[in-house]
Structure formats: structure tokens, C-alpha cells
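The structure file query_7.pdb is reproduced below (PDB, C-alpha atoms).
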```pdb
ATOM      1  CA  MET C  29    -135.099  63.693 168.943
ATOM      2  CA  LYS C  30    -132.581  65.737 170.934
ATOM      3  CA  PRO C  31    -132.926  68.933 172.972
ATOM      4  CA  VAL C  32    -131.249  71.893 171.289
ATOM      5  CA  ARG C  33    -129.082  72.543 174.365
ATOM      6  CA  PRO C  34    -127.407  70.388 177.031
ATOM      7  CA  TRP C  35    -129.720  68.983 179.699
ATOM      8  CA  GLU C  36    -129.773  70.411 183.243
ATOM      9  CA  GLU C  37    -129.873  67.571 185.768
ATOM     10  CA  LEU C  38    -133.066  67.629 187.850
ATOM     11  CA  SER C  39    -133.152  66.579 191.500
ATOM     12  CA  LEU C  40    -136.792  67.215 192.558
ATOM     13  CA  PRO C  41    -136.897  68.822 196.043
ATOM     14  CA  PRO C  42    -139.635  67.737 198.475
ATOM     15  CA  SER C  43    -143.021  68.201 196.853
ATOM     16  CA  ALA C  44    -144.385  70.743 199.360
ATOM     17  CA  THR C  45    -141.343  72.981 198.812
ATOM     18  CA  LEU C  46    -141.597  72.781 195.036
ATOM     19  CA  ILE C  47    -145.348  73.463 195.045
ATOM     20  CA  ASP C  48    -144.891  76.518 197.256
ATOM     21  CA  ALA C  49    -142.124  77.857 195.009
ATOM     22  CA  ARG C  50    -144.261  77.343 191.918
ATOM     23  CA  LEU C  51    -147.203  79.228 193.402
ATOM     24  CA  GLN C  52    -145.081  82.157 194.555
ATOM     25  CA  LEU C  53    -143.262  82.458 191.224
ATOM     26  CA  HIS C  54    -146.585  82.321 189.379
ATOM     27  CA  HIS C  55    -147.754  85.384 191.306
ATOM     28  CA  ALA C  56    -144.366  87.127 190.954
ATOM     29  CA  LEU C  57    -144.675  86.745 187.181
ATOM     30  CA  GLN C  58    -147.866  88.808 186.987
ATOM     31  CA  PRO C  59    -146.288  92.311 187.073
ATOM     32  CA  LEU C  60    -144.519  91.326 183.840
ATOM     33  CA  ALA C  61    -147.815  90.299 182.254
ATOM     34  CA  ALA C  62    -149.354  93.547 183.494
ATOM     35  CA  PHE C  63    -146.558  95.544 181.848
ATOM     36  CA  ALA C  64    -147.035  93.631 178.581
ATOM     37  CA  GLY C  65    -150.790  94.131 178.696
ATOM     38  CA  ARG C  66    -150.388  97.865 179.219
ATOM     39  CA  CYS C  67    -147.355  98.725 177.105
ATOM     40  CA  LEU C  68    -147.209  96.259 174.182
ATOM     41  CA  THR C  69    -149.373  96.260 171.073
ATOM     42  CA  PRO C  70    -152.399  94.033 171.777
ATOM     43  CA  LYS C  71    -152.801  90.826 169.769
ATOM     44  CA  PRO C  72    -156.138  89.045 169.188
ATOM     45  CA  ASP C  73    -154.944  85.850 170.892
ATOM     46  CA  ASP C  74    -153.557  87.785 173.893
ATOM     47  CA  SER C  75    -150.064  86.510 173.082
ATOM     48  CA  HIS C  76    -148.596  89.969 173.696
ATOM     49  CA  ARG C  77    -148.929  89.124 177.400
ATOM     50  CA  SER C  78    -147.103  85.814 177.013
ATOM     51  CA  LEU C  79    -143.397  85.407 177.704
ATOM     52  CA  SER C  80    -140.493  83.412 176.328
ATOM     53  CA  TRP C  81    -137.642  81.597 178.023
ATOM     54  CA  ASP C  82    -134.244  83.168 177.367
ATOM     55  CA  PRO C  83    -131.523  80.555 177.994
ATOM     56  CA  ALA C  84    -128.794  83.198 177.926
ATOM     57  CA  VAL C  85    -130.139  84.988 181.013
ATOM     58  CA  ARG C  86    -132.024  81.897 182.286
ATOM     59  CA  ALA C  87    -135.237  83.819 182.812
ATOM     60  CA  LEU C  88    -138.737  84.335 181.481
ATOM     61  CA  ILE C  89    -138.804  87.559 179.475
ATOM     62  CA  THR C  90    -141.408  89.854 177.961
ATOM     63  CA  GLU C  91    -141.230  91.307 174.485
ATOM     64  CA  ALA C  92    -139.752  94.811 174.383
ATOM     65  CA  ALA C  93    -141.939  97.904 174.311
ATOM     66  CA  GLU C  94    -141.381 100.649 171.721
ATOM     67  CA  SER C  95    -139.080 102.352 174.210
ATOM     68  CA  GLY C  96    -136.875  99.227 174.268
ATOM     69  CA  LEU C  97    -137.879  98.324 177.826
ATOM     70  CA  ARG C  98    -138.483  94.680 178.677
ATOM     71  CA  PHE C  99    -138.813  92.757 181.930
ATOM     72  CA  GLU C 100    -137.430  89.428 183.143
ATOM     73  CA  LEU C 101    -138.148  86.985 185.959
ATOM     74  CA  SER C 102    -135.062  85.067 187.095
ATOM     75  CA  PHE C 103    -135.798  81.780 188.880
ATOM     76  CA  GLU C 104    -132.221  81.325 190.068
ATOM     77  CA  ASP C 105    -131.322  84.865 191.154
ATOM     78  CA  LEU C 106    -134.872  85.405 192.477
ATOM     79  CA  GLU C 107    -135.312  88.861 191.091
ATOM     80  CA  LEU C 108    -137.278  90.879 188.592
ATOM     81  CA  ARG C 109    -135.127  92.721 186.072
ATOM     82  CA  ALA C 110    -135.815  95.571 183.682
ATOM     83  CA  ARG C 111    -133.551  96.019 180.652
ATOM     84  CA  ASN C 112    -133.457  98.938 178.266
ATOM     85  CA  GLY C 113    -130.396  98.740 176.064
ATOM     86  CA  ALA C 114    -127.374  98.576 178.354
ATOM     87  CA  LYS C 115    -129.369  99.855 181.334
ATOM     88  CA  LEU C 116    -130.324  97.193 183.897
ATOM     89  CA  SER C 117    -132.544  97.623 186.958
ATOM     90  CA  GLN C 118    -133.189  94.840 189.474
ATOM     91  CA  HIS C 119    -135.614  94.126 192.308
ATOM     92  CA  LYS C 120    -135.028  91.159 194.610
ATOM     93  CA  LEU C 121    -138.045  88.963 195.266
ATOM     94  CA  ALA C 122    -137.131  87.819 198.788
ATOM     95  CA  GLY C 123    -139.165  89.792 201.304
ATOM     96  CA  ALA C 124    -140.964  91.827 198.631
ATOM     97  CA  THR C 125    -144.743  92.133 198.527
ATOM     98  CA  LEU C 126    -146.651  91.881 195.255
ATOM     99  CA  ALA C 127    -147.706  95.511 195.670
ATOM    100  CA  GLU C 128    -144.030  96.512 195.804
ATOM    101  CA  LEU C 129    -143.256  94.522 192.634
ATOM    102  CA  TYR C 130    -146.167  96.070 190.730
ATOM    103  CA  SER C 131    -145.117  99.534 191.914
ATOM    104  CA  TRP C 132    -141.473  99.008 190.942
ATOM    105  CA  ALA C 133    -142.359  97.728 187.460
ATOM    106  CA  GLY C 134    -144.939 100.465 186.961
ATOM    107  CA  ASP C 135    -142.532 103.234 187.947
ATOM    108  CA  LEU C 136    -140.089 102.049 185.274
ATOM    109  CA  ALA C 137    -142.687 101.421 182.581
ATOM    110  CA  LEU C 138    -145.245 104.197 182.944
ATOM    111  CA  ASP C 139    -145.269 107.957 182.775
ATOM    112  CA  ALA C 140    -145.879 109.911 185.958
ATOM    113  CA  GLY C 141    -149.570 110.320 186.631
ATOM    114  CA  THR C 142    -150.528 107.169 184.707
ATOM    115  CA  ASP C 143    -152.747 104.668 186.508
ATOM    116  CA  PRO C 144    -150.491 102.067 188.182
ATOM    117  CA  LEU C 145    -150.081  98.515 186.953
ATOM    118  CA  SER C 146    -152.722  96.247 188.433
ATOM    119  CA  PRO C 147    -153.163  92.482 188.920
ATOM    120  CA  PRO C 148    -154.643  90.530 185.984
ATOM    121  CA  GLU C 149    -158.342  89.908 185.499
ATOM    122  CA  TYR C 150    -157.931  86.108 185.328
ATOM    123  CA  ASP C 151    -158.032  83.890 188.413
ATOM    124  CA  LEU C 152    -154.790  82.651 189.958
ATOM    125  CA  PRO C 153    -154.252  80.050 192.684
ATOM    126  CA  ASP C 154    -154.603  81.394 196.203
ATOM    127  CA  HIS C 155    -151.399  81.710 198.241
ATOM    128  CA  GLU C 156    -150.194  83.539 201.323
ATOM    129  CA  ILE C 157    -148.014  85.756 199.131
ATOM    130  CA  LEU C 158    -151.233  87.649 198.370
ATOM    131  CA  ARG C 159    -151.300  88.676 202.028
ATOM    132  CA  GLY C 160    -147.571  88.705 202.776
ATOM    133  CA  SER C 161    -144.245  88.729 200.967
ATOM    134  CA  PHE C 162    -142.128  86.457 198.774
ATOM    135  CA  SER C 163    -140.472  83.712 200.805
ATOM    136  CA  ALA C 164    -140.044  80.749 198.434
ATOM    137  CA  ASP C 165    -137.162  78.302 198.874
ATOM    138  CA  ALA C 166    -134.265  79.323 196.608
ATOM    139  CA  LEU C 167    -133.269  75.768 195.639
ATOM    140  CA  ALA C 168    -136.850  74.870 194.717
ATOM    141  CA  CYS C 169    -137.127  78.017 192.564
ATOM    142  CA  ALA C 170    -133.847  77.152 190.845
ATOM    143  CA  GLU C 171    -135.153  73.632 190.179
ATOM    144  CA  LEU C 172    -138.222  75.076 188.466
ATOM    145  CA  GLY C 173    -135.856  77.202 186.376
ATOM    146  CA  TRP C 174    -134.005  74.048 185.320
ATOM    147  CA  TRP C 175    -137.337  72.506 184.313
ATOM    148  CA  MET C 176    -138.033  75.574 182.168
ATOM    149  CA  GLN C 177    -134.528  75.510 180.663
ATOM    150  CA  ASN C 178    -134.844  71.824 179.779
ATOM    151  CA  ALA C 179    -138.387  72.087 178.468
ATOM    152  CA  ASP C 180    -137.525  75.032 176.234
ATOM    153  CA  ALA C 181    -134.624  73.067 174.715
ATOM    154  CA  LEU C 182    -136.796  69.953 174.368
ATOM    155  CA  ILE C 183    -139.698  71.765 172.717
ATOM    156  CA  ARG C 184    -137.406  73.628 170.323
ATOM    157  CA  GLY C 185    -135.828  70.296 169.391
ATOM    158  CA  ALA C 186    -139.283  68.991 168.477
ATOM    159  CA  VAL C 187    -139.970  72.118 166.390
ATOM    160  CA  GLU C 188    -136.749  71.587 164.442
ATOM    161  CA  GLN C 189    -137.481  67.940 163.731
ATOM    162  CA  ARG C 190    -141.217  67.854 162.991
ATOM    163  CA  PRO C 191    -142.602  68.978 159.617
ATOM    164  CA  TRP C 192    -145.613  70.912 160.921
ATOM    165  CA  PRO C 193    -145.867  74.708 161.198
ATOM    166  CA  ALA C 194    -145.294  75.764 164.796
ATOM    167  CA  SER C 195    -146.114  78.753 166.940
ATOM    168  CA  GLU C 196    -143.528  80.550 169.037
ATOM    169  CA  VAL C 197    -142.544  78.738 172.240
ATOM    170  CA  ARG C 198    -144.361  80.800 174.846
ATOM    171  CA  CYS C 199    -145.137  80.857 178.564
ATOM    172  CA  TRP C 200    -148.740  81.851 179.242
ATOM    173  CA  PRO C 201    -149.016  83.809 182.506
ATOM    174  CA  HIS C 202    -152.512  82.616 183.431
ATOM    175  CA  HIS C 203    -151.515  78.914 183.384
ATOM    176  CA  PHE C 204    -147.724  79.336 183.784
ATOM    177  CA  ASP C 205    -147.046  76.598 181.224
ATOM    178  CA  LEU C 206    -144.342  76.796 178.542
ATOM    179  CA  ALA C 207    -145.589  75.380 175.246
ATOM    180  CA  VAL C 208    -145.669  75.302 171.460
ATOM    181  CA  LEU C 209    -148.638  74.639 169.188
ATOM    182  CA  PHE C 210    -148.159  72.595 166.010
ATOM    183  CA  THR C 211    -150.749  73.016 163.260
ATOM    184  CA  VAL C 212    -150.938  69.512 161.798
ATOM    185  CA  ASP C 213    -153.631  69.915 159.127
ATOM    186  CA  ARG C 214    -157.247  70.937 158.675
ATOM    187  CA  ASP C 215    -160.358  68.834 159.070
ATOM    188  CA  ALA C 216    -163.064  68.425 156.438
ATOM    189  CA  LYS C 217    -164.702  71.683 157.564
ATOM    190  CA  GLY C 218    -161.499  73.694 157.306
ATOM    191  CA  ASN C 219    -160.753  73.873 161.043
ATOM    192  CA  ASP C 220    -157.142  73.629 162.178
ATOM    193  CA  ARG C 221    -156.118  70.422 163.923
ATOM    194  CA  THR C 222    -153.298  71.079 166.349
ATOM    195  CA  ILE C 223    -150.966  69.412 168.831
ATOM    196  CA  GLY C 224    -149.691  71.230 171.896
ATOM    197  CA  VAL C 225    -146.367  70.227 173.467
ATOM    198  CA  GLY C 226    -145.400  71.769 176.735
ATOM    199  CA  LEU C 227    -144.328  71.838 180.339
ATOM    200  CA  SER C 228    -146.646  72.662 183.192
ATOM    201  CA  PRO C 229    -144.773  73.506 186.418
ATOM    202  CA  GLY C 230    -147.809  72.066 188.220
ATOM    203  CA  ASP C 231    -151.537  72.679 188.477
ATOM    204  CA  ASP C 232    -154.750  71.196 189.880
ATOM    205  CA  MET C 233    -154.316  68.062 187.772
ATOM    206  CA  HIS C 234    -150.699  67.328 188.818
ATOM    207  CA  THR C 235    -149.220  69.476 191.571
ATOM    208  CA  LEU C 236    -145.607  68.854 190.447
ATOM    209  CA  PRO C 237    -144.059  69.640 187.035
ATOM    210  CA  TYR C 238    -145.072  67.458 184.094
ATOM    211  CA  LEU C 239    -144.573  67.302 180.338
ATOM    212  CA  TYR C 240    -147.591  66.969 178.073
ATOM    213  CA  VAL C 241    -148.606  66.420 174.457
ATOM    214  CA  ALA C 242    -152.273  67.101 173.660
ATOM    215  CA  PRO C 243    -154.499  67.142 170.542
ATOM    216  CA  TRP C 244    -157.111  69.656 169.494
ATOM    217  CA  PRO C 245    -159.894  69.009 168.912
ATOM    218  CA  ARG C 246    -160.415  66.356 171.555
ATOM    219  CA  ASP C 247    -162.174  63.146 170.614
ATOM    220  CA  HIS C 248    -162.312  60.740 173.521
ATOM    221  CA  GLU C 249    -163.706  58.019 171.265
ATOM    222  CA  ALA C 250    -160.851  58.100 168.737
ATOM    223  CA  HIS C 251    -158.078  55.515 168.854
ATOM    224  CA  ARG C 252    -155.391  56.195 171.467
ATOM    225  CA  PRO C 253    -152.216  54.258 170.597
ATOM    226  CA  GLU C 254    -150.148  52.845 173.429
ATOM    227  CA  VAL C 255    -147.163  54.868 174.596
ATOM    228  CA  SER C 256    -144.022  53.329 176.070
ATOM    229  CA  ILE C 257    -143.287  56.331 178.312
ATOM    230  CA  GLY C 258    -145.962  58.400 180.047
ATOM    231  CA  ALA C 259    -149.707  57.763 180.001
ATOM    232  CA  TRP C 260    -152.884  58.951 178.308
ATOM    233  CA  LEU C 261    -155.228  61.055 180.395
ATOM    234  CA  SER C 262    -158.843  61.352 179.314
ATOM    235  CA  ASP C 263    -160.766  62.604 182.344
ATOM    236  CA  GLY C 264    -162.100  65.837 180.863
ATOM    237  CA  TRP C 265    -158.669  66.621 179.423
ATOM    238  CA  LEU C 266    -157.176  64.476 176.628
ATOM    239  CA  GLY C 267    -153.482  64.009 176.065
ATOM    240  CA  VAL C 268    -150.317  62.168 177.063
ATOM    241  CA  THR C 269    -148.394  63.244 180.169
ATOM    242  CA  LEU C 270    -145.124  62.393 181.862
ATOM    243  CA  THR C 271    -145.359  63.344 185.521
ATOM    244  CA  SER C 272    -142.399  64.193 187.731
ATOM    245  CA  GLU C 273    -142.855  60.960 189.643
ATOM    246  CA  ASP C 274    -142.978  58.820 186.502
ATOM    247  CA  PHE C 275    -140.109  60.752 184.976
ATOM    248  CA  SER C 276    -137.889  60.186 188.015
ATOM    249  CA  ALA C 277    -138.689  56.474 188.067
ATOM    250  CA  ALA C 278    -138.062  56.007 184.339
ATOM    251  CA  ALA C 279    -135.089  58.267 183.764
ATOM    252  CA  GLY C 280    -132.337  56.765 185.889
ATOM    253  CA  ASP C 281    -129.121  58.337 184.638
ATOM    254  CA  ASP C 282    -130.651  59.319 181.287
ATOM    255  CA  GLN C 283    -133.058  62.172 181.994
ATOM    256  CA  ALA C 284    -132.540  63.858 178.618
ATOM    257  CA  GLY C 285    -133.070  60.623 176.689
ATOM    258  CA  THR C 286    -136.187  59.740 178.659
ATOM    259  CA  ALA C 287    -137.723  63.175 178.083
ATOM    260  CA  ALA C 288    -136.901  63.108 174.357
ATOM    261  CA  ARG C 289    -138.318  59.598 173.913
ATOM    262  CA  PHE C 290    -141.480  60.688 175.719
ATOM    263  CA  VAL C 291    -142.035  63.684 173.432
ATOM    264  CA  ASP C 292    -141.286  61.648 170.288
ATOM    265  CA  GLY C 293    -143.588  58.790 171.259
ATOM    266  CA  ALA C 294    -146.361  61.038 172.534
ATOM    267  CA  LEU C 295    -146.286  63.176 169.367
ATOM    268  CA  ASP C 296    -146.664  60.066 167.223
ATOM    269  CA  ALA C 297    -149.515  58.735 169.374
ATOM    270  CA  VAL C 298    -151.393  62.032 169.508
ATOM    271  CA  HIS C 299    -150.974  62.514 165.750
ATOM    272  CA  GLN C 300    -152.526  59.084 165.176
ATOM    273  CA  ASN C 301    -155.356  60.045 167.521
ATOM    274  CA  LEU C 302    -156.028  63.155 165.426
ATOM    275  CA  LEU C 303    -156.018  61.164 162.197
ATOM    276  CA  ALA C 304    -158.485  58.684 163.706
ATOM    277  CA  GLN C 305    -160.952  61.317 164.836
ATOM    278  CA  ALA C 306    -164.409  61.306 163.316
ATOM    279  CA  VAL C 307    -165.190  63.763 160.530
ATOM    280  CA  PRO C 308    -167.169  66.638 162.124
ATOM    281  CA  LYS C 309    -170.852  66.697 161.245
ATOM    282  CA  ASP C 310    -172.595  69.724 159.730
TER     283      ASP C 310
END
```
Transcribe the structure of this file into C-alpha cells.
Amino acid sequence: MKPVRPWEELSLPPSATLIDARLQLHHALQPLAAFAGRCLTPKPDDSHRSLSWDPAVRALITEAAESGLRFELSFEDLELRARNGAKLSQHKLAGATLAELYSWAGDLALDAGTDPLSPPEYDLPDHEILRGSFSADALACAELGWWMQNADALIRGAVEQRPWPASEVRCWPHHFDLAVLFTVDRDAKGNDRTIGVGLSPGDDMHTLPYLYVAPWPRDHEAHRPEVSIGAWLSDGWLGVTLTSEDFSAAAGDDQAGTAARFVDGALDAVHQNLLAQAVPKD
């Protein structure tokens, strides 16, 4: 399997710097989700609030509203952008408070007198940006953008080469992961069996970026075939992951090949796990 675009070489800044950048960007993303929640047609699975990665502008982007307005978060230029046709508005992140970002996005998206955009109802990790302003390291933010660029190309390569129906490749603002969901088949009771493939920029399980392939439903008793790259995790969560640390150790000069071999091998292993799962009882 090959990514659909050339690979961006990753360097991995010091972990504390990368973690801080990830947390600040996660919060800076929320005005975009707030715009989508307010101005786009709601969908039952809440996917109207999700975003996609646009490799042309190297940013996470919302869908466009009926007016044509959409928003972007650039990891490399460290700015929020609003596009409406040829019209482009920008707001730099450095030194900006979250209140200023919500206000800026709301002023562009909403009619005068409308209630302002507000933070989401879901919980986000605590960070000093909630009490101060954006101050993340620019190189660490750019590195996270390269992770997103690579993961988007990698996931789209898997979609092209696997036979299963696939969802859109989306970034979910509550978790901040970029992922696709394959529908593999249905179990004896007619429930979809799926495999998720994605990138998490870091979370409580692994604080640094990692790739993952995970089955649904989860059956911790079903056979878990060995994988040559990455490792199975089964503590509450079930799936195969390739952490930043393991990726750096395994990749050498072939980061793209290592990542592609991981996704290929993990997809095969997780598919076998699904096929080995017990038939659900009535």
C-alpha cells in the first residue's frame, strides 16, 4: 500500500513541546466546530461538525455553509482563515485568546444580534490557553501538520486499495483524530462490523501522535494475529497502534514504507480478529 501523496519527513520535536502544541491547536480548532454546529445542516452522527484535511492549503477545513463561507485552521501558518469565494480573511493565532477567536469567527459567520459562537458542550483537555493566549511553538505545530498531511495520504491510500465501503476521511473535533471507518460486513444479527483507521495527535493513552487500526465491535477473547510492526492494545481499548516512539525506531530512512506496512499489516490482523469474533447471542 502507498500513500496517495509524497511523504513529509517527520522529525519529532521534544515531547513536551509537541504535547503543548497539540493541546493548544485542539482548543484553537473549536471555533470552527462551533461555526459548523451553528451554520451547517445538522447530521444524526454529528459529522457536520467534523472537518477534513485539505492538502492544497495544508489545513483542517469545515464544510461550506449555504452562503459559501468555510473556515480553516492552518498548522504551519498558525492562523484561522475564512474563505467565501475569492474573499479571504485571516486571524493569527499567536497572542490571541480563545474568546477573540470565537468572536472573530462569529462576526464573519453570524448576523448582527445573533447569539455569539460558544465553546462546545463536550469536555476538552485542560490547558493554560483557557486562561491566557495562544503561544504554541511554531515548529511543533508544523510537525503536527506534517503528521496530518501524511496520515490523510496514508488513509486515502488504504481506502483506494481495500474493497470495503468507507466513510469520508474526517477529523473529529472532540478527539482531534483524523480517521476513516470501513464497513467490513454485518454480523448474524445484522449489525455492521467496522474497522477504523486513523491518526491521533495524542491523548491520555499516548501523549504523542500515533497511528491506529481498531475493530468494532470489540471482542477481547477473539484471536489477535501477530503484527510485525506496531502492537495490539487491549486494556479497555482494542486495536493495533504504532506510537511515535516505535515509529521512529522502526522507520530509519523509510518512514513512508514503515507507515504503509503498519497499516497494511494491522488491517489484515484486525480483519481476522473481526472474523474470529463470537456470534452475538440473542
Using only C-alpha atoms, determine which residues lie at most 6 Å from Leu209 of chain C, disregarding the query and same-chain residues fewer than 2 positions distant; provide the list as a list in words.
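Neighbouring residues, sequence-local ones excluded: Ala194, Ser195, Ile223 and Gly224 of chain C.
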Quick check, in Å to one decimal: how far apart do atom CA of Ala164 of chain C and atom CA of Arg66 of chain C lie?
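Spanning atom CA of Ala164 of chain C to atom CA of Arg66 of chain C is a straight-line distance of 27.7 Å.
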Which residues, named as in the file, does the PyMOL selection byres ((chain C and resi 179-188) around 6) pick out? Answer as a list in words.
Lys30, Pro31, Val32, Arg33, Trp175, Met176, Gln177, Asn178, Gln189 and Arg190 of chain C
Residues returned when the PyMOL selection byres ((chain C and resi 126-137) around 8) runs on this file, as a ChimeraX atom specification
/C:55-56,59-60,63,67,97,110,119,124-125,138-140,144-146,157-158,161-162
Specify as an NGL selection string each residue included when the PyMOL selection byres ((chain C and resi 291) around 9) is applied to this file.
:C and (29 or 182-183 or 186 or 225 or 239-241 or 257 or 286-290 or 292-296)
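One distance worth recording is that between atom CA of Val197 of chain C and atom CA of Leu53 of chain C, which is 19.4 Å.
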Atom-to-atom span, atom CA of Asn219 of chain C and atom CA of Pro245 of chain C, Å:
9.3 Å
Within 7 Å of Leu152 of chain C, counting only C-alpha atoms, which residues qualify if same-chain residues fewer than 2 places away don't, as a PyMOL selection string?
chain C and resi 150+154+202
Just-selected residues, C-alpha atoms written as a PDB file, in the coordinates of the input:
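Contents of the output file part-v1.pdb:
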```
ATOM      1  CA  TYR C 150    -157.931  86.108 185.328  1.00  0.00           C
ATOM      2  CA  ASP C 154    -154.603  81.394 196.203  1.00  0.00           C
ATOM      3  CA  HIS C 202    -152.512  82.616 183.431  1.00  0.00           C
TER       4      HIS C 202
END
```
Kindly indicate which residue among C:Ser256, C:Ala93, C:Pro243, C:Gly123 lies nearest to Arg111 of chain C, using all atoms listed in the file for the distances.
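Ranked by minimum distance to Arg111 of chain C, first place goes to C:Ala93.
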My list of candidates is C:Ala170, C:Val298, C:Ala84, C:Ala279. Which is closest to Pro41 of chain C when distances are computed with all atoms listed in the file?
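Answer, going by the shortest atom-to-atom distance: C:Ala170.
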Which residues are near Met233 of chain C? Cut-off 12 Å, only C-alpha atoms, ignore same chain within fewer than 6 positions. Put them as a ChimeraX atom specification.
/C:240,261-265,269,271
Compare C:Glu104, C:Asp213, C:Glu171, C:Asp247 by their minimum atom-to-atom distance to Trp192 of chain C, counting all atoms listed in the file, and give me the closest one.
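Counting all atoms listed in the file, the residue closest to Trp192 of chain C is C:Asp213.
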Taking into account only C-alpha atoms, which residue in the set C:Ser272, C:Ser102, C:Gln52, C:Thr222 is nearest to Glu156 of chain C?
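Once distances to Glu156 of chain C are computed over only C-alpha atoms, the minimum belongs to C:Gln52.
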Which residue, C:Glu94, C:Asp74, C:Glu273, C:Asp82, has the smallest gap to Ser39 of chain C when you use only C-alpha atoms?
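Going through C:Glu94, C:Asp74, C:Glu273, C:Asp82 one by one, the smallest distance to Ser39 of chain C is for C:Glu273.
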Which one is closest to Ile89 of chain C: C:Cys169, C:Cys199, C:Leu116, C:Leu46? Count all atoms listed in the file.
C:Cys199
Export: segment 128-188 of chain C, C-alpha atoms, as a PDB file, in the first residue's frame:
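See out.pdb below for the written result:
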```pdb
ATOM      1  CA  GLU C 128     -11.014  36.603  20.425  1.00  0.00           C
ATOM      2  CA  LEU C 129     -11.046  33.643  18.008  1.00  0.00           C
ATOM      3  CA  TYR C 130     -14.686  32.825  18.769  1.00  0.00           C
ATOM      4  CA  SER C 131     -15.612  36.495  18.355  1.00  0.00           C
ATOM      5  CA  TRP C 132     -13.748  36.826  15.051  1.00  0.00           C
ATOM      6  CA  ALA C 133     -15.330  33.677  13.592  1.00  0.00           C
ATOM      7  CA  GLY C 134     -18.766  34.639  14.885  1.00  0.00           C
ATOM      8  CA  ASP C 135     -18.599  38.135  13.405  1.00  0.00           C
ATOM      9  CA  LEU C 136     -17.921  36.636   9.967  1.00  0.00           C
ATOM     10  CA  ALA C 137     -20.453  33.822  10.231  1.00  0.00           C
ATOM     11  CA  LEU C 138     -23.434  35.281  12.065  1.00  0.00           C
ATOM     12  CA  ASP C 139     -25.883  38.091  11.540  1.00  0.00           C
ATOM     13  CA  ALA C 140     -25.728  41.086  13.847  1.00  0.00           C
ATOM     14  CA  GLY C 141     -27.707  40.490  17.005  1.00  0.00           C
ATOM     15  CA  THR C 142     -27.323  36.699  16.831  1.00  0.00           C
ATOM     16  CA  ASP C 143     -26.046  34.960  19.956  1.00  0.00           C
ATOM     17  CA  PRO C 144     -22.245  34.617  19.657  1.00  0.00           C
ATOM     18  CA  LEU C 145     -20.462  31.357  18.958  1.00  0.00           C
ATOM     19  CA  SER C 146     -19.743  29.482  22.164  1.00  0.00           C
ATOM     20  CA  PRO C 147     -17.382  26.678  23.245  1.00  0.00           C
ATOM     21  CA  PRO C 148     -18.587  23.095  22.665  1.00  0.00           C
ATOM     22  CA  GLU C 149     -20.552  21.082  25.192  1.00  0.00           C
ATOM     23  CA  TYR C 150     -18.043  18.194  25.211  1.00  0.00           C
ATOM     24  CA  ASP C 151     -15.052  18.086  27.553  1.00  0.00           C
ATOM     25  CA  LEU C 152     -11.612  19.067  26.274  1.00  0.00           C
ATOM     26  CA  PRO C 153      -8.214  18.693  27.948  1.00  0.00           C
ATOM     27  CA  ASP C 154      -7.351  21.485  30.351  1.00  0.00           C
ATOM     28  CA  HIS C 155      -4.637  23.918  29.242  1.00  0.00           C
ATOM     29  CA  GLU C 156      -3.431  27.388  30.138  1.00  0.00           C
ATOM     30  CA  ILE C 157      -4.764  28.686  26.819  1.00  0.00           C
ATOM     31  CA  LEU C 158      -8.176  28.636  28.517  1.00  0.00           C
ATOM     32  CA  ARG C 159      -6.879  31.354  30.834  1.00  0.00           C
ATOM     33  CA  GLY C 160      -4.384  33.060  28.524  1.00  0.00           C
ATOM     34  CA  SER C 161      -3.495  33.260  24.850  1.00  0.00           C
ATOM     35  CA  PHE C 162      -2.065  31.064  22.095  1.00  0.00           C
ATOM     36  CA  SER C 163       1.680  30.594  22.495  1.00  0.00           C
ATOM     37  CA  ALA C 164       2.489  27.187  20.969  1.00  0.00           C
ATOM     38  CA  ASP C 165       5.882  26.522  19.378  1.00  0.00           C
ATOM     39  CA  ALA C 166       5.661  27.102  15.612  1.00  0.00           C
ATOM     40  CA  LEU C 167       7.918  24.180  14.643  1.00  0.00           C
ATOM     41  CA  ALA C 168       5.954  21.761  16.829  1.00  0.00           C
ATOM     42  CA  CYS C 169       2.673  22.954  15.271  1.00  0.00           C
ATOM     43  CA  ALA C 170       4.140  22.499  11.792  1.00  0.00           C
ATOM     44  CA  GLU C 171       5.237  18.973  12.741  1.00  0.00           C
ATOM     45  CA  LEU C 172       1.675  18.121  13.758  1.00  0.00           C
ATOM     46  CA  GLY C 173       0.560  19.467  10.378  1.00  0.00           C
ATOM     47  CA  TRP C 174       3.003  17.102   8.665  1.00  0.00           C
ATOM     48  CA  TRP C 175       1.537  14.227  10.683  1.00  0.00           C
ATOM     49  CA  MET C 176      -1.928  15.218   9.452  1.00  0.00           C
ATOM     50  CA  GLN C 177      -0.718  15.573   5.852  1.00  0.00           C
ATOM     51  CA  ASN C 178       0.924  12.143   5.937  1.00  0.00           C
ATOM     52  CA  ALA C 179      -1.951  10.430   7.707  1.00  0.00           C
ATOM     53  CA  ASP C 180      -4.506  11.814   5.265  1.00  0.00           C
ATOM     54  CA  ALA C 181      -2.460  10.485   2.327  1.00  0.00           C
ATOM     55  CA  LEU C 182      -1.934   7.145   4.088  1.00  0.00           C
ATOM     56  CA  ILE C 183      -5.596   6.667   4.977  1.00  0.00           C
ATOM     57  CA  ARG C 184      -6.754   7.622   1.484  1.00  0.00           C
ATOM     58  CA  GLY C 185      -4.287   5.093   0.077  1.00  0.00           C
ATOM     59  CA  ALA C 186      -5.921   2.407   2.221  1.00  0.00           C
ATOM     60  CA  VAL C 187      -9.386   3.478   1.015  1.00  0.00           C
ATOM     61  CA  GLU C 188      -8.285   3.140  -2.609  1.00  0.00           C
TER      62      GLU C 188
END
```
